[in-house]
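Shown next: structure39.txt, containing compact mmCIF, C-alpha atoms.
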```
# COMPACT_ATOMS: atom_id res chain seq x y z
CA MET A 1 11.66 119.12 76.64
CA ARG A 2 13.03 116.89 73.95
CA LYS A 3 12.24 113.14 73.90
CA ILE A 4 15.09 110.65 74.19
CA PRO A 5 14.91 108.03 71.43
CA ILE A 6 14.12 104.49 72.60
CA PHE A 7 17.17 103.15 70.72
CA THR A 8 19.46 105.34 72.84
CA ILE A 9 17.95 103.98 76.05
CA ILE A 10 18.30 100.39 74.81
CA ALA A 11 21.92 100.99 73.76
CA VAL A 12 22.81 102.48 77.16
CA LEU A 13 21.19 99.54 78.97
CA LEU A 14 23.02 97.00 76.80
CA ILE A 15 26.37 98.70 77.27
CA GLY A 16 25.83 98.99 81.03
CA GLY A 17 24.69 95.37 81.30
CA GLY A 18 27.65 94.20 79.24
CA TYR A 19 30.05 96.10 81.46
CA PHE A 20 28.66 94.53 84.66
CA TYR A 21 28.61 91.08 83.05
CA TYR A 22 32.25 91.51 81.98
CA GLN A 23 33.26 92.58 85.49
CA HIS A 24 31.53 89.55 86.98
CA MET A 25 33.08 87.11 84.51
CA ASP A 26 36.48 88.69 84.97
CA SER A 27 36.61 87.42 88.54
CA LYS A 28 35.64 83.84 87.66
CA VAL A 29 38.45 81.33 88.25
CA ASP A 30 38.39 77.80 86.81
CA ILE A 31 40.96 75.63 88.53
CA THR A 32 42.15 72.03 88.23
CA PHE A 33 44.35 70.37 90.83
CA ASN A 34 45.31 67.03 92.38
CA PHE A 35 43.72 66.50 95.78
CA THR A 36 44.24 63.94 98.58
CA PRO A 37 41.32 63.77 101.05
CA THR A 38 42.17 63.31 104.72
CA LYS A 39 38.72 63.82 106.27
CA LYS A 40 35.11 63.36 105.14
CA ALA A 41 32.42 65.28 107.03
CA ALA A 42 28.73 64.39 107.25
CA ASP A 43 27.73 67.72 105.65
CA TYR A 44 29.14 66.52 102.28
CA THR A 45 32.46 68.32 102.59
CA VAL A 46 35.90 66.81 102.16
CA SER A 47 39.09 68.20 103.67
CA GLY A 48 42.54 67.39 102.41
CA THR A 49 45.73 68.64 100.82
CA ILE A 50 46.55 69.76 97.32
CA ASP A 51 49.65 68.45 95.55
CA GLY A 52 52.24 71.23 95.40
CA ALA A 53 50.49 73.37 98.03
CA GLY A 54 52.46 72.39 101.11
CA ASP A 55 50.51 71.08 104.08
CA GLU A 56 47.67 73.64 103.88
CA VAL A 57 44.32 71.87 104.42
CA VAL A 58 41.54 72.84 102.00
CA THR A 59 37.85 71.99 102.47
CA LEU A 60 35.72 71.32 99.39
CA PRO A 61 31.91 71.14 99.31
CA LEU A 62 30.68 68.21 97.21
CA SER A 63 27.34 66.96 95.94
CA LYS A 64 25.96 63.87 97.64
CA GLU A 65 26.90 61.67 94.66
CA MET A 66 30.48 62.96 94.50
CA TRP A 67 30.86 62.68 98.28
CA LYS A 68 29.88 58.98 98.19
CA THR A 69 32.60 58.16 95.64
CA VAL A 70 35.46 59.85 97.52
CA LYS A 71 37.67 57.69 99.74
CA LYS A 72 40.18 59.04 102.25
CA GLY A 73 43.81 58.66 101.20
CA ASN A 74 43.16 58.23 97.45
CA HIS A 75 44.32 60.80 94.90
CA TYR A 76 41.76 62.76 92.87
CA ASN A 77 41.81 65.23 90.00
CA VAL A 78 39.44 68.09 90.92
CA GLU A 79 37.88 70.63 88.56
CA ALA A 80 36.41 73.58 90.47
CA THR A 81 35.14 77.11 89.90
CA PHE A 82 34.98 80.09 92.21
CA TYR A 83 34.53 83.83 91.92
CA ASN A 84 37.57 85.67 93.25
CA LYS A 85 35.63 88.24 95.30
CA ASN A 86 37.62 87.97 98.55
CA LYS A 87 41.38 88.20 98.84
CA VAL A 88 43.72 86.38 101.22
CA SER A 89 45.36 88.68 103.78
CA LYS A 90 49.06 89.52 103.39
CA GLU A 91 49.94 87.62 106.58
CA ALA A 92 48.09 84.49 105.45
CA SER A 93 49.53 84.62 101.92
CA GLN A 94 53.08 84.83 103.27
CA LYS A 95 52.53 81.62 105.28
CA LEU A 96 51.45 79.63 102.21
CA LYS A 97 54.17 77.33 100.92
CA GLY A 98 54.44 75.50 97.63
CA PRO A 99 54.31 76.33 93.93
CA PHE A 100 50.50 76.02 93.82
CA TRP A 101 50.08 79.19 95.91
CA GLU A 102 52.50 81.29 93.81
CA ASN A 103 49.60 82.01 91.46
CA GLU A 104 47.57 84.62 93.38
CA ALA A 105 44.32 83.48 91.75
CA ASN A 106 44.77 80.05 93.38
CA GLN A 107 44.90 81.70 96.81
CA GLY A 108 41.24 82.65 96.39
CA LEU A 109 40.44 78.96 96.87
CA LEU A 110 40.88 79.50 100.63
CA VAL A 111 38.50 82.43 101.13
CA ASN A 112 35.78 82.16 98.44
CA ASP A 113 32.81 79.86 97.86
CA ILE A 114 33.89 76.93 95.71
CA LYS A 115 31.78 74.87 93.32
CA VAL A 116 33.31 71.52 92.43
CA ALA A 117 32.37 70.60 88.87
CA ASN A 118 34.10 67.21 88.75
CA ILE A 119 36.17 64.97 90.98
CA GLU A 120 37.81 61.98 89.36
CA ALA A 121 40.00 59.29 90.87
CA ILE A 122 43.57 59.12 89.58
CA THR A 123 44.60 55.57 88.77
CA ALA A 124 48.20 54.50 89.25
CA GLY A 125 48.51 52.09 86.31
CA PHE A 126 48.10 52.45 82.58
```

Would you encode the structure as structure tokens?
Amino acid sequence: MRKIPIFTIIAVLLIGGGYFYYQHMDSKVDITFNFTPTKKAADYTVSGTIDGAGDEVVTLPLSKEMWKTVKKGNHYNVEATFYNKNKVSKEASQKLKGPFWENEANQGLLVNDIKVANIEAITAGF
């Protein structure tokens, strides 16, 4: 039996690892939107509506520090990341109203785990 060179094994592992890494990164979605909180829960989550997304209520998990700064009724600019592993059902996607939901990647916000990177208050004056 002939020996397989170590460089061939390393090359196959690197190519395979790169492929799986690419597939994982392909599903990553970075999203920025304007958010108006309507409810703060004790488990450091905030529920509210997104500008341009109709009246669909979205719940965001926040860190303790971010949660303390959020006030109900104010407007915030939110930067979030999620991996688009789960898809919204056809029935649910047809009920979504507003230009925000026209991008199918944004619909993943409803059914995937979200990590909020930044939440910043929007000031009215300049």

In file coordinates, which residues lie within 12 Å of (42.9, 60.0, 108.8) using only C-alpha atoms, given as a VMD selection string?
-> chain A and resid 36 to 41 46 to 48 71 to 74

Considering all atoms listed in the file, return as an MDAnalysis selection string whatever protein or nucleic-acid residues lie within 9 Å of A:Ser93, sequence-local ones (same chain, fewer than 6 positions apart) excluded.
-> chainID A and resid 101 104 107

Mind checking which residues fall within 10 Å of A:Leu109, counting all atoms listed in the file, ignoring those fewer than 5 positions away in the same chain, and posting them as an mmCIF file with C-alpha atoms, in the frame of the given file?
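Result written to around06.cif:
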```cif
data_model
loop_
_atom_site.group_PDB
_atom_site.id
_atom_site.type_symbol
_atom_site.label_atom_id
_atom_site.label_comp_id
_atom_site.auth_asym_id
_atom_site.auth_seq_id
_atom_site.Cartn_x
_atom_site.Cartn_y
_atom_site.Cartn_z
ATOM 1 C CA VAL A 29 38.450 81.330 88.250
ATOM 2 C CA ILE A 31 40.960 75.630 88.530
ATOM 3 C CA VAL A 58 41.540 72.840 102.000
ATOM 4 C CA THR A 59 37.850 71.990 102.470
ATOM 5 C CA LEU A 60 35.720 71.320 99.390
ATOM 6 C CA ALA A 80 36.410 73.580 90.470
ATOM 7 C CA THR A 81 35.140 77.110 89.900
ATOM 8 C CA PHE A 82 34.980 80.090 92.210
ATOM 9 C CA TYR A 83 34.530 83.830 91.920
ATOM 10 C CA ASN A 84 37.570 85.670 93.250
ATOM 11 C CA ASN A 86 37.620 87.970 98.550
ATOM 12 C CA LYS A 87 41.380 88.200 98.840
ATOM 13 C CA VAL A 88 43.720 86.380 101.220
ATOM 14 C CA TRP A 101 50.080 79.190 95.910
ATOM 15 C CA GLU A 104 47.570 84.620 93.380
ATOM 16 C CA ILE A 114 33.890 76.930 95.710
#
```

Can you work out which one of A:Val116, A:Leu14, A:Ile4, A:Val111 has the shortest atom-to-atom distance to A:Thr45, counting all atoms listed in the file?
-> A:Val116

Contact residues around A:Glu79 with only C-alpha atoms at 10 Å, ignoring same-chain residues under 2 positions, as a PyMOL selection string | chain A and resi 30-34+76-77+81+115-120

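One finds atom CA of A:Asn112 at 6.8 Å from atom CA of A:Lys85.
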
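Non-sequential neighbours of A:Ala42 (distance at most 12 Å, separation of 4 or more positions within a chain, all atoms listed in the file) are Val46, Ser47, Pro61, Leu62, Ser63, Lys64, Trp67 and Lys68 of chain A.
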
Go through A:Val70, A:Ile122, A:Asp113, A:Asp55 one by one, measure the shortest atom-to-atom distance of each to A:Lys97 using all atoms listed in the file, and give the residue with the smallest value.
-> A:Asp55

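Between atom CA of A:Gly98 and atom CA of A:Met66 there is a distance of 27.2 Å.
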
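One finds atom CA of A:Tyr44 at 11.2 Å from atom CA of A:Thr69.
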
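Nearest residue to A:Lys95, choosing from A:Thr123, A:Ala53, A:Tyr21, A:Val12 and counting only C-alpha atoms: A:Ala53.
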
A:Phe100, A:Asp51, A:Tyr22, A:Phe35 ranked by distance to A:His75, top pick (using all atoms listed in the file) | A:Phe35
